file data33.txt (compact mmCIF, C-alpha atoms)
# COMPACT_ATOMS: atom_id res chain seq x y z
CA MET A 31 -32.90 23.70 -20.72
CA LEU A 32 -32.24 26.58 -23.09
CA ARG A 33 -28.67 27.78 -22.76
CA ASN A 34 -27.16 31.22 -23.21
CA PRO A 35 -23.73 32.71 -22.34
CA LEU A 36 -25.57 34.93 -19.86
CA GLN A 37 -25.78 31.97 -17.49
CA LEU A 38 -21.97 31.83 -17.21
CA ARG A 39 -21.72 35.58 -16.70
CA LEU A 40 -24.23 35.47 -13.85
CA GLU A 41 -21.81 33.25 -11.91
CA LYS A 42 -19.49 36.25 -11.50
CA CYS A 43 -22.14 38.50 -9.95
CA GLU A 44 -22.50 39.52 -6.32
CA ASN A 45 -25.53 38.62 -4.22
CA TRP A 46 -27.18 42.04 -4.55
CA GLN A 47 -26.85 41.79 -8.34
CA HIS A 48 -28.46 38.34 -8.35
CA ILE A 49 -31.38 39.54 -6.20
CA SER A 50 -31.87 42.66 -8.32
CA PHE A 51 -31.65 40.65 -11.56
CA MET A 52 -34.33 38.25 -10.33
CA ALA A 53 -36.52 41.11 -9.08
CA ALA A 54 -36.29 42.71 -12.54
CA LEU A 55 -37.29 39.44 -14.23
CA VAL A 56 -40.26 39.04 -11.90
CA GLU A 57 -41.16 42.69 -12.56
CA ARG A 58 -41.44 41.75 -16.23
CA MET A 59 -43.86 38.93 -15.31
CA VAL A 60 -46.21 41.15 -13.29
CA PRO A 61 -48.44 42.02 -16.31
CA ASN A 62 -48.98 38.28 -16.97
CA TYR A 63 -50.25 37.83 -13.42
CA ALA A 64 -52.33 41.03 -13.53
CA LEU A 65 -54.02 39.99 -16.80
CA PHE A 66 -54.78 36.55 -15.41
CA CYS A 67 -56.40 38.14 -12.34
CA ALA A 68 -58.36 40.59 -14.50
CA GLN A 69 -59.79 37.76 -16.61
CA THR A 70 -60.55 35.34 -13.81
CA GLU A 71 -61.02 37.53 -10.70
CA PHE A 72 -58.84 34.93 -8.97
CA ALA A 73 -56.96 37.35 -6.71
CA ASP A 74 -56.02 40.98 -6.31
CA PRO A 75 -52.85 41.50 -8.41
CA GLN A 76 -51.87 44.29 -6.01
CA ALA A 77 -51.13 41.63 -3.39
CA PHE A 78 -48.55 40.10 -5.74
CA ARG A 79 -47.16 43.56 -6.48
CA ASN A 80 -46.85 44.33 -2.73
CA ILE A 81 -44.66 41.25 -2.16
CA LEU A 82 -42.39 42.17 -5.06
CA ASP A 83 -42.26 45.77 -3.80
CA ALA A 84 -41.03 44.44 -0.44
CA VAL A 85 -38.16 42.71 -2.26
CA TRP A 86 -37.25 45.92 -4.09
CA GLU A 87 -37.44 47.79 -0.79
CA SER A 88 -34.98 45.33 0.75
CA GLN A 89 -32.53 46.26 -2.01
CA THR A 90 -33.05 50.02 -2.00
CA VAL A 91 -33.76 51.00 1.63
CA LYS A 92 -30.85 50.36 4.02
CA THR A 93 -33.05 50.26 7.10
CA ALA A 94 -35.68 47.95 5.57
CA LYS A 95 -36.55 44.96 7.75
CA ILE A 96 -38.56 42.53 5.65
CA ASP A 97 -39.80 39.18 6.94
CA PHE A 98 -39.37 37.05 3.82
CA GLU A 99 -40.93 33.99 5.49
CA ARG A 100 -44.07 36.09 5.97
CA GLN A 101 -43.92 37.25 2.34
CA LEU A 102 -43.83 33.58 1.24
CA GLU A 103 -46.91 32.92 3.37
CA LYS A 104 -48.69 35.84 1.69
CA LEU A 105 -47.75 34.50 -1.75
CA GLU A 106 -49.16 31.01 -1.15
CA PRO A 107 -52.89 31.86 -1.64
CA LEU A 108 -52.05 33.96 -4.72
CA ILE A 109 -50.74 30.97 -6.71
CA PRO A 110 -53.28 29.74 -9.28
CA VAL A 111 -53.95 26.05 -9.84
CA ALA A 112 -53.93 24.66 -13.36
CA ASP A 113 -56.86 22.34 -13.96
CA ASP A 114 -58.60 21.04 -17.08
CA ASP A 115 -60.60 24.28 -17.43
CA ALA A 116 -57.57 26.56 -17.02
CA ILE A 117 -57.20 29.41 -19.50
CA TYR A 118 -53.80 29.95 -21.12
CA LEU A 119 -52.91 32.87 -18.83
CA THR A 120 -53.04 30.52 -15.85
CA TYR A 121 -49.63 29.15 -16.81
CA PRO A 122 -47.74 32.47 -17.10
CA ALA A 123 -49.41 33.52 -13.83
CA ILE A 124 -48.11 30.34 -12.17
CA ASP A 125 -44.67 31.01 -13.68
CA ALA A 126 -44.69 34.52 -12.17
CA CYS A 127 -45.58 33.09 -8.76
CA ILE A 128 -42.89 30.41 -8.99
CA ALA A 129 -40.30 33.04 -9.93
CA LEU A 130 -41.33 35.30 -7.03
CA SER A 131 -41.29 32.32 -4.66
CA GLN A 132 -37.78 31.38 -5.85
CA LEU A 133 -36.65 34.97 -5.31
CA LEU A 134 -37.97 34.93 -1.74
CA HIS A 135 -36.22 31.60 -1.10
CA ALA A 136 -32.96 33.12 -2.36
CA LEU A 137 -33.34 35.94 0.14
CA LEU A 138 -33.83 33.38 2.91
CA ASP A 139 -30.92 31.14 1.86
CA ARG A 140 -28.04 33.16 0.45
CA ASP A 141 -26.06 29.97 -0.30
CA GLU A 142 -28.58 29.11 -3.00
CA ILE A 143 -28.63 32.49 -4.73
CA LEU A 144 -26.77 31.50 -7.92
CA PRO A 145 -28.71 28.30 -8.69
CA ILE A 146 -31.98 30.10 -7.93
CA THR A 147 -31.00 33.04 -10.16
CA LEU A 148 -30.36 30.62 -13.01
CA LYS A 149 -33.76 28.97 -12.37
CA VAL A 150 -35.60 32.31 -12.48
CA SER A 151 -33.80 33.27 -15.70
CA GLN A 152 -34.73 29.91 -17.20
CA GLN A 153 -38.34 30.20 -15.97
CA SER A 154 -38.78 33.49 -17.82
CA VAL A 155 -37.28 32.12 -21.05
CA LEU A 156 -39.31 28.90 -20.86
CA SER A 157 -42.55 30.89 -20.50
CA VAL A 158 -41.71 32.59 -23.79
CA ALA A 159 -40.66 29.31 -25.43
CA GLN A 160 -43.92 27.63 -24.37
CA LEU A 161 -45.97 30.44 -25.90
CA GLU A 162 -43.95 30.12 -29.12
CA GLU A 163 -44.54 26.37 -29.16
CA ALA A 164 -48.28 26.86 -28.60
CA GLN A 165 -48.45 29.39 -31.46
CA THR A 166 -46.21 27.63 -33.98
CA GLY A 167 -46.52 23.96 -33.08
CA GLU A 168 -42.71 23.73 -33.16
CA THR A 169 -40.61 22.68 -30.18
CA VAL A 170 -38.06 25.26 -29.05
CA THR A 171 -34.71 23.58 -28.34
CA ASP A 172 -31.25 24.76 -27.43
CA ASP A 173 -30.20 24.26 -31.07
CA ASN A 174 -33.08 26.08 -32.79
CA GLN A 175 -33.91 28.79 -30.22
CA LYS A 176 -32.32 31.53 -32.37
CA ALA A 177 -35.04 30.94 -34.98
CA PHE A 178 -37.67 32.21 -32.54
CA GLU A 179 -37.68 36.00 -32.36
CA ALA A 180 -39.55 36.18 -29.05
CA VAL A 181 -37.03 33.86 -27.36
CA CYS A 182 -34.16 35.98 -28.69
CA GLU A 183 -35.91 39.12 -27.43
CA GLU A 184 -36.24 37.58 -23.96
CA TRP A 185 -32.53 36.77 -23.84
CA ASP A 186 -31.80 40.32 -25.06
CA ALA A 187 -33.95 41.79 -22.29
CA GLN A 188 -32.14 39.68 -19.69
CA TRP A 189 -28.76 40.74 -21.10
CA ALA A 190 -29.82 44.40 -20.94
CA ILE A 191 -30.74 44.08 -17.25
CA PHE A 192 -27.53 42.16 -16.53
CA ARG A 193 -25.33 44.78 -18.24
CA VAL A 194 -26.80 47.64 -16.22
CA LEU A 195 -26.31 45.72 -12.96
CA LYS A 196 -22.80 44.57 -13.91
CA SER A 197 -21.74 48.13 -14.78
CA ALA A 198 -22.17 49.21 -11.13
CA GLU A 199 -19.12 49.05 -8.90
CA SER A 200 -21.34 48.61 -5.86
CA ARG A 201 -25.03 48.57 -5.05
CA ASP A 202 -26.38 51.79 -6.52
CA VAL A 203 -29.80 52.50 -5.03
CA GLU A 204 -30.73 55.10 -7.65
CA MET A 205 -29.80 52.70 -10.46
CA LEU A 206 -31.96 49.95 -8.92
CA LYS A 207 -34.88 52.35 -8.53
CA GLY A 208 -34.38 53.35 -12.16
CA ILE A 209 -34.48 49.74 -13.38
CA ARG A 210 -37.66 49.09 -11.43
CA GLN A 211 -39.31 52.31 -12.63
CA GLU A 212 -38.41 51.69 -16.26
CA LEU A 213 -39.82 48.16 -16.21
CA ARG A 214 -42.99 49.26 -14.43
CA GLU A 215 -43.58 52.14 -16.83
CA ALA A 216 -42.97 49.92 -19.86
CA GLY A 217 -45.75 47.67 -18.54
CA VAL A 218 -44.92 44.94 -21.05
CA SER A 219 -44.34 41.39 -19.87
CA ASN A 220 -41.76 38.86 -20.99
CA LEU A 221 -44.53 37.47 -23.22
CA GLY A 222 -45.18 40.85 -24.82
CA LEU A 223 -48.45 41.27 -22.91
CA ARG A 224 -49.50 44.62 -21.53
CA ALA A 225 -51.46 44.94 -18.30
CA GLU A 226 -54.76 46.77 -18.65
call {"tool": "encode", "arguments": {"input": "data33.txt", "output": "structure tokens"}}
result
Amino acid sequence: MLRNPLQLRLEKCENWQHISFMAALVERMVPNYALFCAQTEFADPQAFRNILDAVWESQTVKTAKIDFERQLEKLEPLIPVADDDAIYLTYPAIDACIALSQLLHALLDRDEILPITLKVSQQSVLSVAQLEEAQTGETVTDDNQKAFEAVCEEWDAQWAIFRVLKSAESRDVEMLKGIRQELREAGVSNLGLRAE
């Protein structure tokens, strides 16, 4: 596990901050999934987007009634399977699905929100670390992670999201919409990939 002081700070967050933090991290993984779908015609990436949009809606629309069990069911057929012929993008696409699945589980079991938030944070960083390892042949560890610029950039991105969420006294719907919009418009994934 790659460690960062962010993990300790997340312990002091409220549930809505955890959910929004995870939603933001999954938002940054959407281009990975979309690119995988574009290259393989595996699924419609809009279906993945719709599930994530339902999560955002649950955080920004007071009257929203979302069946998260149903959203999990919808996600199931969208998860790729890694086999011997799998292209590289299969793995970041699986990571995106795992992160979204974890987020939905957190919404179903509020007692597990903190451990799940830490898992989603770690999932995003590990995706970056695995790409670095594939490109450099070097193993990313807790001790040497600062030598890998992309890993540092991922932690920086997570810190930036955390700081915005932590600065709010209470759930600020406009702020959450702003985070979502900014990440969508940037269109760049945690791996530095841009959806077509």
call {"tool": "atom_distance", "arguments": {"input": "data33.txt", "atom1": "atom CA of Ser88 of chain A", "atom2": "atom CA of Leu148 of chain A"}}
result
20.7 Å
call {"tool": "closest_residue", "arguments": {"input": "data33.txt", "among": "A:Leu221, A:Met52, A:Leu206, A:Leu36", "to": "Leu119 of chain A", "atoms": "only C-alpha atoms"}}
result
A:Leu221
call {"tool": "residues_around", "arguments": {"input": "data33.txt", "residues": "Asp202 of chain A", "least_positions_apart": "5", "cutoff": "10 Å", "atoms": "only C-alpha atoms", "output": "PyMOL selection string"}}
result
chain A and resi 46+89-90+195+207-208
call {"tool": "write_last_selection", "arguments": {"input": "data33.txt", "atoms": "C-alpha atoms", "output": "PDB file, in the frame of the given file"}}
result
ATOM      1  CA  TRP A  46     -27.180  42.040  -4.550  1.00  0.00           C
ATOM      2  CA  GLN A  89     -32.530  46.260  -2.010  1.00  0.00           C
ATOM      3  CA  THR A  90     -33.050  50.020  -2.000  1.00  0.00           C
ATOM      4  CA  LEU A 195     -26.310  45.720 -12.960  1.00  0.00           C
ATOM      5  CA  LYS A 207     -34.880  52.350  -8.530  1.00  0.00           C
ATOM      6  CA  GLY A 208     -34.380  53.350 -12.160  1.00  0.00           C
TER       7      GLY A 208
END
call {"tool": "atom_distance", "arguments": {"input": "data33.txt", "atom1": "atom CA of Cys67 of chain A", "atom2": "atom CA of Thr166 of chain A"}}
result
26.1 Å
call {"tool": "axis_aligned_box", "arguments": {"input": "data33.txt", "around": "segment 69-77 of chain A", "padding_each_side": "5 Å", "output": "AutoDock Vina command-line options"}}
result
--center_x -56.1 --center_y 39.6 --center_z -10.0 --size_x 19.9 --size_y 19.4 --size_z 23.2
call {"tool": "atom_distance", "arguments": {"input": "data33.txt", "atom1": "atom CA of Leu138 of chain A", "atom2": "atom CA of Val60 of chain A"}}
result
21.8 Å
call {"tool": "closest_residue", "arguments": {"input": "data33.txt", "among": "A:Asp125, A:Glu199, A:Asp172, A:Glu184", "to": "Cys43 of chain A", "atoms": "all atoms listed in the file"}}
result
A:Glu199
call {"tool": "closest_residue", "arguments": {"input": "data33.txt", "among": "A:Gln47, A:Asn220, A:Ser200, A:Thr93", "to": "Val155 of chain A", "atoms": "only C-alpha atoms"}}
result
A:Asn220
call {"tool": "closest_residue", "arguments": {"input": "data33.txt", "among": "A:Glu71, A:Asp115, A:Glu99, A:Glu215", "to": "Leu137 of chain A", "atoms": "only C-alpha atoms"}}
result
A:Glu99
call {"tool": "closest_residue", "arguments": {"input": "data33.txt", "among": "A:Arg214, A:Lys176, A:Lys149, A:Arg201", "to": "Met31 of chain A", "atoms": "only C-alpha atoms"}}
result
A:Lys149
call {"tool": "closest_residue", "arguments": {"input": "data33.txt", "among": "A:Ala112, A:Val203, A:Leu133, A:Ala84", "to": "Ala53 of chain A", "atoms": "only C-alpha atoms"}}
result
A:Leu133
call {"tool": "residues_around", "arguments": {"input": "data33.txt", "residues": "Val56 of chain A", "least_positions_apart": "5", "cutoff": "7 Å", "atoms": "all atoms listed in the file", "output": "list of chain:residue names"}}
result
A:Ala126, A:Ala129, A:Leu130
call {"tool": "residues_around", "arguments": {"input": "data33.txt", "residues": "Gln165 of chain A", "least_positions_apart": "4", "cutoff": "12 Å", "atoms": "all atoms listed in the file", "output": "NGL selection string"}}
result
:A and (118 or 158-161 or 169-170 or 178 or 180)
call {"tool": "residues_around", "arguments": {"input": "data33.txt", "residues": "Glu212 of chain A", "least_positions_apart": "4", "cutoff": "12 Å", "atoms": "all atoms listed in the file", "output": "PyMOL selection string"}}
result
chain A and resi 54+57-58+191+205-208+216-218
call {"tool": "residues_around", "arguments": {"input": "data33.txt", "residues": "Leu40 of chain A", "least_positions_apart": "6", "cutoff": "8 Å", "atoms": "only C-alpha atoms", "output": "PyMOL selection string"}}
result
chain A and resi 48+144+148+192
